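Student: Just upload05.cif, nothing more (mmCIF, C-alpha atoms and all ligand atoms):
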```cif
data_protein
loop_
_atom_site.label_atom_id
_atom_site.label_comp_id
_atom_site.auth_asym_id
_atom_site.auth_seq_id
_atom_site.Cartn_x
_atom_site.Cartn_y
_atom_site.Cartn_z
CA MET A 9 20.72 -20.82 8.44
CA SER A 10 17.45 -18.94 8.34
CA ILE A 11 17.10 -15.55 9.88
CA ASP A 12 15.44 -15.18 13.30
CA ILE A 13 13.17 -12.20 12.72
CA SER A 14 11.52 -12.42 16.09
CA ALA A 15 14.91 -12.24 17.86
CA ASN A 16 15.98 -9.32 15.66
CA LEU A 17 12.80 -7.42 16.48
CA ASN A 18 13.34 -8.02 20.20
CA THR A 19 16.88 -6.70 19.98
CA ILE A 20 15.75 -3.59 18.16
CA HIS A 21 12.98 -2.90 20.66
CA GLN A 22 15.54 -3.17 23.46
CA ARG A 23 17.86 -0.78 21.67
CA ILE A 24 14.98 1.67 21.11
CA GLU A 25 14.17 1.52 24.83
CA GLN A 26 17.79 2.08 25.79
CA ALA A 27 18.11 5.05 23.44
CA CYS A 28 14.89 6.50 24.90
CA SER A 29 16.08 6.07 28.46
CA ARG A 30 19.39 7.81 27.63
CA CYS A 31 17.51 10.93 26.56
CA GLY A 32 14.46 10.75 28.81
CA ARG A 33 11.90 9.89 26.14
CA ASP A 34 8.92 7.58 26.37
CA PRO A 35 9.52 4.56 24.08
CA HIS A 36 5.86 4.72 23.07
CA GLN A 37 6.70 7.92 21.19
CA VAL A 38 8.95 5.99 18.82
CA GLU A 39 7.36 3.68 16.28
CA LEU A 40 9.32 1.03 14.43
CA ILE A 41 8.67 0.83 10.69
CA ALA A 42 9.94 -2.52 9.39
CA VAL A 43 11.37 -1.82 5.93
CA SER A 44 10.59 -4.93 3.91
CA LYS A 45 11.57 -3.83 0.39
CA LYS A 46 13.10 -6.61 -1.70
CA LYS A 47 12.12 -9.17 0.97
CA PRO A 48 9.48 -11.81 0.32
CA ALA A 49 5.97 -11.76 1.77
CA GLU A 50 6.80 -14.84 3.91
CA LEU A 51 9.30 -12.81 5.91
CA ILE A 52 6.77 -10.03 6.40
CA ALA A 53 4.29 -12.63 7.64
CA GLN A 54 6.92 -13.91 10.10
CA ALA A 55 7.53 -10.40 11.40
CA ALA A 56 3.77 -9.82 11.70
CA GLN A 57 3.51 -13.10 13.60
CA ALA A 58 6.15 -11.76 16.00
CA GLY A 59 4.03 -8.68 16.64
CA GLN A 60 5.33 -6.17 14.08
CA ARG A 61 2.43 -4.19 12.61
CA VAL A 62 3.83 -1.42 10.38
CA PHE A 63 5.83 -2.11 7.22
CA GLY A 64 7.53 0.27 4.83
CA GLU A 65 7.97 -0.38 1.12
CA SER A 66 9.86 1.56 -1.57
CA TYR A 67 8.65 0.20 -4.92
CA VAL A 68 5.05 0.56 -6.03
CA GLN A 69 4.63 -2.75 -7.87
CA GLU A 70 6.19 -4.75 -5.06
CA TYR A 71 4.11 -2.88 -2.53
CA VAL A 72 0.84 -3.62 -4.33
CA ASP A 73 1.73 -7.30 -4.78
CA LYS A 74 2.57 -7.78 -1.11
CA GLN A 75 -0.56 -6.04 0.09
CA GLN A 76 -2.60 -8.46 -1.95
CA GLN A 77 -0.74 -11.45 -0.55
CA LEU A 78 -0.81 -10.49 3.11
CA SER A 79 -3.47 -10.10 5.75
CA THR A 80 -5.33 -6.87 6.16
CA ASP A 81 -4.29 -6.08 9.73
CA ILE A 82 -0.86 -4.98 8.51
CA ARG A 83 -0.38 -1.20 8.27
CA TRP A 84 1.57 0.01 5.24
CA HIS A 85 3.80 3.02 4.75
CA PHE A 86 5.30 4.08 1.46
CA ILE A 87 8.87 5.37 1.87
CA GLY A 88 10.40 5.30 -1.62
CA ALA A 89 10.72 7.64 -4.57
CA LEU A 90 7.25 8.06 -6.02
CA GLN A 91 6.42 8.84 -9.64
CA THR A 92 3.30 10.92 -10.04
CA ASN A 93 1.74 8.47 -12.51
CA LYS A 94 1.95 5.64 -9.94
CA VAL A 95 0.15 7.37 -7.09
CA LYS A 96 -3.15 5.86 -8.21
CA TYR A 97 -1.89 2.37 -7.33
CA LEU A 98 -1.32 3.32 -3.70
CA HIS A 99 -4.55 5.02 -3.16
CA GLY A 100 -6.51 4.45 -0.01
CA SER A 101 -4.36 1.67 1.37
CA THR A 102 -1.41 3.68 2.61
CA GLU A 103 -1.32 4.92 6.19
CA LEU A 104 1.53 7.36 5.56
CA ILE A 105 3.55 8.44 2.51
CA HIS A 106 7.01 9.54 3.71
CA SER A 107 8.45 10.74 0.43
CA VAL A 108 6.56 13.79 -0.83
CA ASP A 109 9.08 16.28 -2.14
CA ARG A 110 7.26 18.33 -4.79
CA LEU A 111 3.95 20.08 -5.31
CA SER A 112 2.99 18.10 -8.43
CA LEU A 113 3.19 14.87 -6.42
CA ALA A 114 1.15 16.30 -3.53
CA LYS A 115 -1.49 17.48 -6.01
CA GLU A 116 -1.79 14.03 -7.54
CA ILE A 117 -2.13 12.44 -4.08
CA ASP A 118 -4.81 15.02 -3.27
CA LYS A 119 -6.66 14.16 -6.47
CA GLN A 120 -6.55 10.39 -5.94
CA TRP A 121 -7.59 10.54 -2.29
CA ARG A 122 -10.42 12.97 -3.07
CA LYS A 123 -11.92 10.33 -5.36
CA ILE A 124 -12.37 8.02 -2.38
CA ASP A 125 -13.32 10.85 -0.03
CA LYS A 126 -10.34 10.31 2.26
CA VAL A 127 -7.43 12.39 3.45
CA ALA A 128 -3.87 11.17 2.78
CA ASN A 129 -1.33 11.50 5.56
CA ILE A 130 2.05 12.52 4.21
CA LEU A 131 5.50 13.62 5.29
CA ILE A 132 7.64 16.09 3.41
CA GLN A 133 10.97 14.51 2.49
CA VAL A 134 13.82 16.96 3.05
CA ASN A 135 17.22 16.58 1.41
CA ILE A 136 18.81 17.71 4.64
CA GLY A 137 22.40 17.39 3.40
CA ASN A 138 21.70 19.02 0.01
CA GLU A 139 23.09 15.92 -1.74
CA ALA A 140 22.83 15.79 -5.52
CA SER A 141 22.15 12.04 -5.41
CA LYS A 142 19.16 12.23 -3.07
CA ALA A 143 15.49 13.05 -3.38
CA GLY A 144 13.82 15.59 -1.16
CA VAL A 145 13.11 19.28 -1.09
CA THR A 146 16.07 21.40 -0.03
CA PRO A 147 15.80 22.82 3.50
CA ASP A 148 15.60 26.34 2.05
CA ALA A 149 12.65 25.45 -0.16
CA ALA A 150 10.76 23.38 2.43
CA GLU A 151 8.65 26.20 3.85
CA THR A 152 7.42 27.31 0.42
CA LEU A 153 6.49 23.76 -0.52
CA ILE A 154 4.70 23.17 2.77
CA ARG A 155 2.69 26.39 2.42
CA ALA A 156 1.58 25.27 -1.04
CA VAL A 157 0.68 21.73 0.04
CA ALA A 158 -1.24 23.10 3.04
CA GLY A 159 -3.89 24.37 0.64
CA LEU A 160 -4.75 20.88 -0.65
CA PRO A 161 -7.88 19.62 1.15
CA ASN A 162 -7.26 15.88 0.82
CA VAL A 163 -3.65 15.87 2.00
CA HIS A 164 -2.47 16.36 5.57
CA ILE A 165 1.18 16.99 6.31
CA GLN A 166 2.13 15.22 9.54
CA GLY A 167 5.83 16.09 9.67
CA LEU A 168 9.19 15.62 7.95
CA MET A 169 11.33 12.74 6.72
CA ALA A 170 15.03 12.63 5.81
CA LEU A 171 17.81 10.32 4.72
CA PRO A 172 20.89 12.21 5.88
CA PRO A 173 24.38 11.79 4.40
CA TYR A 174 25.95 8.47 5.32
CA ALA A 175 28.88 8.34 7.73
CA ASP A 176 30.49 5.30 9.36
CA ASP A 177 30.66 7.27 12.57
CA VAL A 178 27.06 7.90 13.57
CA GLU A 179 28.06 10.93 15.61
CA GLN A 180 28.72 12.66 12.30
CA VAL A 181 25.11 12.02 11.32
CA ARG A 182 23.72 13.55 14.54
CA PRO A 183 23.88 17.20 13.35
CA TRP A 184 21.75 16.33 10.32
CA PHE A 185 19.06 14.76 12.50
CA ARG A 186 19.20 17.81 14.73
CA GLN A 187 18.80 20.12 11.75
CA LEU A 188 15.72 18.22 10.59
CA ARG A 189 14.19 18.55 14.04
CA GLN A 190 14.98 22.27 14.12
CA LEU A 191 13.44 22.74 10.69
CA ALA A 192 10.27 21.02 11.93
CA GLN A 193 10.22 23.26 15.00
CA ASN A 194 10.62 26.39 12.87
CA ILE A 195 7.79 25.34 10.58
CA ASP A 196 5.63 24.45 13.56
CA LYS A 197 6.04 28.00 14.89
CA LEU A 198 4.44 29.38 11.70
CA ASN A 199 1.13 27.85 12.87
CA LEU A 200 0.04 27.00 9.34
CA PRO A 201 -3.52 25.70 9.15
CA GLN A 202 -3.89 21.92 8.71
CA ILE A 203 -0.17 21.31 9.21
CA SER A 204 1.27 19.13 11.94
CA MET A 205 4.99 18.78 12.59
CA SER A 206 4.54 16.02 15.17
CA THR A 207 6.16 13.24 13.10
CA LEU A 208 9.89 13.01 12.41
CA SER A 209 10.81 9.99 10.26
CA MET A 210 14.56 9.57 10.58
CA GLY A 211 17.04 6.83 11.46
CA MET A 212 17.78 3.48 9.79
CA SER A 213 19.56 0.27 10.87
CA HIS A 214 22.92 1.99 11.10
CA ASP A 215 21.97 5.15 12.96
CA PHE A 216 18.52 4.86 14.53
CA GLU A 217 19.66 5.30 18.13
CA VAL A 218 21.21 8.68 17.40
CA ALA A 219 18.07 9.63 15.47
CA ILE A 220 15.95 8.76 18.52
CA GLU A 221 18.20 10.86 20.75
CA GLU A 222 17.57 13.74 18.34
CA GLY A 223 13.79 13.34 18.36
CA ALA A 224 12.78 10.72 15.78
CA THR A 225 9.20 9.49 16.19
CA LEU A 226 9.40 6.95 13.34
CA VAL A 227 12.51 4.87 12.65
CA ARG A 228 12.74 2.97 9.36
CA ILE A 229 14.68 -0.25 9.84
CA GLY A 230 15.28 -2.92 7.22
CA THR A 231 18.64 -4.70 7.34
CA ALA A 232 18.73 -5.12 11.13
CA ILE A 233 15.39 -6.99 10.97
CA PHE A 234 15.47 -8.88 7.67
CA GLY A 235 19.20 -9.12 6.90
CA GLU A 236 21.13 -7.70 3.97
CA ARG A 237 19.24 -7.08 0.74
CA GLU A 238 20.29 -8.49 -2.63
C1 LIG A 301 15.88 0.92 2.53
C2 LIG A 301 15.44 2.11 3.31
C3 LIG A 301 15.51 2.10 4.72
C4 LIG A 301 16.06 0.94 5.54
O1 LIG A 301 17.45 0.92 5.51
P1 LIG A 301 18.29 -0.15 6.37
O2 LIG A 301 19.65 0.41 6.34
O3 LIG A 301 18.16 -1.45 5.67
O4 LIG A 301 17.71 -0.17 7.74
C5 LIG A 301 15.04 3.22 5.38
N1 LIG A 301 14.55 4.28 4.72
C6 LIG A 301 14.46 4.32 3.39
C7 LIG A 301 13.90 5.52 2.74
C8 LIG A 301 14.92 3.24 2.65
O5 LIG A 301 14.84 3.31 1.31
#
```
What is this structure when it is put down as structure tokens?
Tutor:
Amino acid sequence: MSIDISANLNTIHQRIEQACSRCGRDPHQVELIAVSKKKPAELIAQAAQAGQRVFGESYVQEYVDKQQQLSTDIRWHFIGALQTNKVKYLHGSTELIHSVDRLSLAKEIDKQWRKIDKVANILIQVNIGNEASKAGVTPDAAETLIRAVAGLPNVHIQGLMALPPYADDVEQVRPWFRQLRQLAQNIDKLNLPQISMSTLSMGMSHDFEVAIEEGATLVRIGTAIFGERE
């Protein structure tokens, strides 16, 4: 049986609305990023046909291939680990890079976007649970990194992203989402020039409702839309 992407998207939008109504938020403040990594372009086209506009990819080569295959009214986010030497392949086409976790990477993005006279929108990825296996700047080092990136003219920080520690019980994930929001609030209070903390990218198929209750403005959902990945 083939997967019904349109039905899955409808279900997720309903769940986003319900989560928003539980905590008194406007559903328009929460944007759904359809995470299409390891899924073929045909499924992205189906989702686009059903009204989905923003897609998130994690691997540079796959991302570039799909952009070439698909129509130009799709908006693309890059959410995966990014090697500095691959930044040049993204350049210009990416609405938001979620995964900036070191100054060398931010500097390379700045350099590539300067060449085309544009400003890259980025999020700082925070390793909110201090897990050895995960990318991201540690919460303690986030402010220093953000102050350094703030000086780069062709990069704009729009907020923070995190992949918190996994727990079967989503209530155990809630404190991590809350900590990311608090970190964003603390950084916002510093009033650093050129820095916005308005975007919080947090929440995936398993835990997006809790993330919304804790303030997520972008949720990154793959499996619940496209099914399990290989
Ligand atoms: C794969 C991935 C997701 C989507 O995860 P699902 O559990 O399939 O919803 C979200 N964020 C990042 C950074 C990912 O790599």
Student: Show me which residues sit within 12 Å of ligand LIG 301 (chain A) when counting all atoms listed in the file, and put them as a PDB file with C-alpha atoms, in the frame of the given file.
Tutor:
```
ATOM      1  CA  ILE A  20      15.750  -3.590  18.160  1.00  0.00           C
ATOM      2  CA  LEU A  40       9.320   1.030  14.430  1.00  0.00           C
ATOM      3  CA  ILE A  41       8.670   0.830  10.690  1.00  0.00           C
ATOM      4  CA  ALA A  42       9.940  -2.520   9.390  1.00  0.00           C
ATOM      5  CA  VAL A  43      11.370  -1.820   5.930  1.00  0.00           C
ATOM      6  CA  SER A  44      10.590  -4.930   3.910  1.00  0.00           C
ATOM      7  CA  LYS A  45      11.570  -3.830   0.390  1.00  0.00           C
ATOM      8  CA  LYS A  46      13.100  -6.610  -1.700  1.00  0.00           C
ATOM      9  CA  LYS A  47      12.120  -9.170   0.970  1.00  0.00           C
ATOM     10  CA  PHE A  63       5.830  -2.110   7.220  1.00  0.00           C
ATOM     11  CA  GLY A  64       7.530   0.270   4.830  1.00  0.00           C
ATOM     12  CA  GLU A  65       7.970  -0.380   1.120  1.00  0.00           C
ATOM     13  CA  SER A  66       9.860   1.560  -1.570  1.00  0.00           C
ATOM     14  CA  TYR A  67       8.650   0.200  -4.920  1.00  0.00           C
ATOM     15  CA  HIS A  85       3.800   3.020   4.750  1.00  0.00           C
ATOM     16  CA  PHE A  86       5.300   4.080   1.460  1.00  0.00           C
ATOM     17  CA  ILE A  87       8.870   5.370   1.870  1.00  0.00           C
ATOM     18  CA  GLY A  88      10.400   5.300  -1.620  1.00  0.00           C
ATOM     19  CA  ALA A  89      10.720   7.640  -4.570  1.00  0.00           C
ATOM     20  CA  LEU A  90       7.250   8.060  -6.020  1.00  0.00           C
ATOM     21  CA  ILE A 105       3.550   8.440   2.510  1.00  0.00           C
ATOM     22  CA  HIS A 106       7.010   9.540   3.710  1.00  0.00           C
ATOM     23  CA  SER A 107       8.450  10.740   0.430  1.00  0.00           C
ATOM     24  CA  VAL A 108       6.560  13.790  -0.830  1.00  0.00           C
ATOM     25  CA  LEU A 131       5.500  13.620   5.290  1.00  0.00           C
ATOM     26  CA  GLN A 133      10.970  14.510   2.490  1.00  0.00           C
ATOM     27  CA  VAL A 134      13.820  16.960   3.050  1.00  0.00           C
ATOM     28  CA  ASN A 135      17.220  16.580   1.410  1.00  0.00           C
ATOM     29  CA  LYS A 142      19.160  12.230  -3.070  1.00  0.00           C
ATOM     30  CA  ALA A 143      15.490  13.050  -3.380  1.00  0.00           C
ATOM     31  CA  GLY A 144      13.820  15.590  -1.160  1.00  0.00           C
ATOM     32  CA  MET A 169      11.330  12.740   6.720  1.00  0.00           C
ATOM     33  CA  ALA A 170      15.030  12.630   5.810  1.00  0.00           C
ATOM     34  CA  LEU A 171      17.810  10.320   4.720  1.00  0.00           C
ATOM     35  CA  PRO A 172      20.890  12.210   5.880  1.00  0.00           C
ATOM     36  CA  TYR A 174      25.950   8.470   5.320  1.00  0.00           C
ATOM     37  CA  SER A 209      10.810   9.990  10.260  1.00  0.00           C
ATOM     38  CA  MET A 210      14.560   9.570  10.580  1.00  0.00           C
ATOM     39  CA  GLY A 211      17.040   6.830  11.460  1.00  0.00           C
ATOM     40  CA  MET A 212      17.780   3.480   9.790  1.00  0.00           C
ATOM     41  CA  SER A 213      19.560   0.270  10.870  1.00  0.00           C
ATOM     42  CA  HIS A 214      22.920   1.990  11.100  1.00  0.00           C
ATOM     43  CA  ASP A 215      21.970   5.150  12.960  1.00  0.00           C
ATOM     44  CA  PHE A 216      18.520   4.860  14.530  1.00  0.00           C
ATOM     45  CA  GLU A 217      19.660   5.300  18.130  1.00  0.00           C
ATOM     46  CA  LEU A 226       9.400   6.950  13.340  1.00  0.00           C
ATOM     47  CA  VAL A 227      12.510   4.870  12.650  1.00  0.00           C
ATOM     48  CA  ARG A 228      12.740   2.970   9.360  1.00  0.00           C
ATOM     49  CA  ILE A 229      14.680  -0.250   9.840  1.00  0.00           C
ATOM     50  CA  GLY A 230      15.280  -2.920   7.220  1.00  0.00           C
ATOM     51  CA  THR A 231      18.640  -4.700   7.340  1.00  0.00           C
ATOM     52  CA  ALA A 232      18.730  -5.120  11.130  1.00  0.00           C
ATOM     53  CA  ILE A 233      15.390  -6.990  10.970  1.00  0.00           C
ATOM     54  CA  PHE A 234      15.470  -8.880   7.670  1.00  0.00           C
ATOM     55  CA  GLY A 235      19.200  -9.120   6.900  1.00  0.00           C
ATOM     56  CA  GLU A 236      21.130  -7.700   3.970  1.00  0.00           C
ATOM     57  CA  ARG A 237      19.240  -7.080   0.740  1.00  0.00           C
ATOM     58  CA  GLU A 238      20.290  -8.490  -2.630  1.00  0.00           C
TER      59      GLU A 238
END
```
Student: Taking all atoms of segment 174-193 of chain A that the file lists, what box with edges along x, y and z, padded by 3 Å per side, do you get, with centre and edge lengths in Å to one decimal, as AutoDock Vina command-line options?
Tutor:
```
--center_x 20.4 --center_y 14.3 --center_z 10.5 --size_x 26.4 --size_y 24.0 --size_z 16.3
```
Student: So which one's closest to Glu151 of chain A, A:Ser112, A:Thr19, A:Asn194, A:Gln180? Using only C-alpha atoms, please.
Tutor: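 Smallest separation from Glu151 of chain A among the options: A:Asn194.
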Student: At what distance in Å, to one decimal, does atom CA of Ile13 of chain A lie from atom CA of Gln75 of chain A?
Tutor: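 So the two atoms, atom CA of Gln75 of chain A and atom CA of Ile13 of chain A, lie 19.6 Å apart.
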Student: Find the spatial neighbours of Ala55 of chain A, counting all atoms listed in the file, within a cut-off of 8 Å - ignore same-chain residues fewer than 4 positions away - and output them as a PDB file with C-alpha atoms, in the frame of the given file.
Tutor:
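result_34.pdb, freshly written:
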```
ATOM      1  CA  ILE A  13      13.170 -12.200  12.720  1.00  0.00           C
ATOM      2  CA  SER A  14      11.520 -12.420  16.090  1.00  0.00           C
ATOM      3  CA  LEU A  17      12.800  -7.420  16.480  1.00  0.00           C
ATOM      4  CA  LEU A  51       9.300 -12.810   5.910  1.00  0.00           C
ATOM      5  CA  GLY A  59       4.030  -8.680  16.640  1.00  0.00           C
ATOM      6  CA  GLN A  60       5.330  -6.170  14.080  1.00  0.00           C
TER       7      GLN A  60
END
```
Student: Could you please determine the separation between atom CA of His164 of chain A and atom CA of Ala49 of chain A in Å, to one decimal place?
Tutor: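 So the two atoms, atom CA of His164 of chain A and atom CA of Ala49 of chain A, lie 29.6 Å apart.
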Student: Hey, can you check how far atom CA of Ala56 of chain A sits from atom CA of Ser101 of chain A?
Tutor: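 So the two atoms, atom CA of Ala56 of chain A and atom CA of Ser101 of chain A, lie 17.5 Å apart.
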Student: Kindly indicate which residue among A:Gln91, A:Thr152, A:Thr207, A:Asn199 lies nearest to Ile130 of chain A, using only C-alpha atoms for the distances.
Tutor: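 For Ile130 of chain A, the nearest of the candidates is A:Thr207.
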Student: Please provide the set of residues having any atom within 8 Å of segment 27-36 of chain A, restricted to all atoms listed in the file, with same-chain residues fewer than 6 positions apart removed, written as a compact mmCIF listing (two decimals) with C-alpha atoms, keeping the file's coordinate frame.
Tutor:
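Wrote result21.txt, looks like this:
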```txt
# COMPACT_ATOMS: atom_id res chain seq x y z
CA GLU A 217 19.66 5.30 18.13
CA VAL A 218 21.21 8.68 17.40
CA ILE A 220 15.95 8.76 18.52
CA GLU A 221 18.20 10.86 20.75
```
Student: Counting all atoms listed in the file, figure out which residue out of A:Ala224, A:Arg186, A:Leu104, A:Arg155 gets nearest to Leu198 of chain A.
Tutor: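 Smallest separation from Leu198 of chain A among the options: A:Arg155.
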Student: Could segment 43-67 of chain A be written out with N, CA and C atoms, as a compact mmCIF listing (two decimals), in the first residue's frame, please?
Tutor:
```txt
# COMPACT_ATOMS: atom_id res chain seq x y z
N VAL A 43 10.49 16.97 6.67
CA VAL A 43 11.87 16.44 6.56
C VAL A 43 11.87 15.26 5.59
N SER A 44 12.46 15.51 4.42
CA SER A 44 12.34 14.57 3.30
C SER A 44 13.62 13.79 3.03
N LYS A 45 14.57 13.84 3.95
CA LYS A 45 15.84 13.13 3.74
C LYS A 45 15.57 11.64 3.48
N LYS A 46 16.34 11.09 2.57
CA LYS A 46 16.26 9.67 2.20
C LYS A 46 14.92 9.28 1.55
N LYS A 47 14.11 10.27 1.20
CA LYS A 47 12.85 10.00 0.51
C LYS A 47 12.95 10.56 -0.91
N PRO A 48 12.35 9.87 -1.87
CA PRO A 48 12.51 10.29 -3.27
C PRO A 48 11.77 11.59 -3.61
N ALA A 49 12.24 12.22 -4.67
CA ALA A 49 11.65 13.48 -5.12
C ALA A 49 10.16 13.35 -5.40
N GLU A 50 9.71 12.16 -5.85
CA GLU A 50 8.27 11.99 -6.15
C GLU A 50 7.42 12.22 -4.91
N LEU A 51 7.92 11.78 -3.75
CA LEU A 51 7.14 11.98 -2.53
C LEU A 51 7.12 13.45 -2.11
N ILE A 52 8.22 14.14 -2.37
CA ILE A 52 8.25 15.58 -2.09
C ILE A 52 7.24 16.28 -2.99
N ALA A 53 7.21 15.87 -4.25
CA ALA A 53 6.25 16.47 -5.19
C ALA A 53 4.81 16.22 -4.73
N GLN A 54 4.56 15.02 -4.21
CA GLN A 54 3.21 14.73 -3.70
C GLN A 54 2.86 15.64 -2.53
N ALA A 55 3.81 15.82 -1.62
CA ALA A 55 3.57 16.68 -0.46
C ALA A 55 3.36 18.12 -0.92
N ALA A 56 4.14 18.56 -1.91
CA ALA A 56 4.00 19.92 -2.43
C ALA A 56 2.62 20.09 -3.06
N GLN A 57 2.19 19.05 -3.78
CA GLN A 57 0.86 19.04 -4.39
C GLN A 57 -0.23 19.20 -3.33
N ALA A 58 0.02 18.61 -2.16
CA ALA A 58 -0.95 18.69 -1.05
C ALA A 58 -0.82 19.99 -0.26
N GLY A 59 0.04 20.88 -0.71
CA GLY A 59 0.11 22.20 -0.09
C GLY A 59 1.34 22.46 0.78
N GLN A 60 2.17 21.44 0.99
CA GLN A 60 3.36 21.65 1.82
C GLN A 60 4.40 22.46 1.02
N ARG A 61 4.98 23.47 1.64
CA ARG A 61 5.88 24.35 0.91
C ARG A 61 7.34 24.27 1.36
N VAL A 62 7.58 23.94 2.63
CA VAL A 62 8.96 23.98 3.15
C VAL A 62 9.45 22.56 3.43
N PHE A 63 10.64 22.25 2.92
CA PHE A 63 11.21 20.92 3.09
C PHE A 63 12.60 21.04 3.71
N GLY A 64 12.92 20.07 4.56
CA GLY A 64 14.22 20.05 5.21
C GLY A 64 15.01 18.83 4.78
N GLU A 65 16.27 19.07 4.43
CA GLU A 65 17.16 17.97 4.02
C GLU A 65 18.42 17.97 4.89
N SER A 66 19.05 16.78 4.97
CA SER A 66 20.20 16.62 5.87
C SER A 66 21.52 16.30 5.17
N TYR A 67 21.46 15.93 3.89
CA TYR A 67 22.68 15.52 3.20
C TYR A 67 22.86 16.38 1.95
```
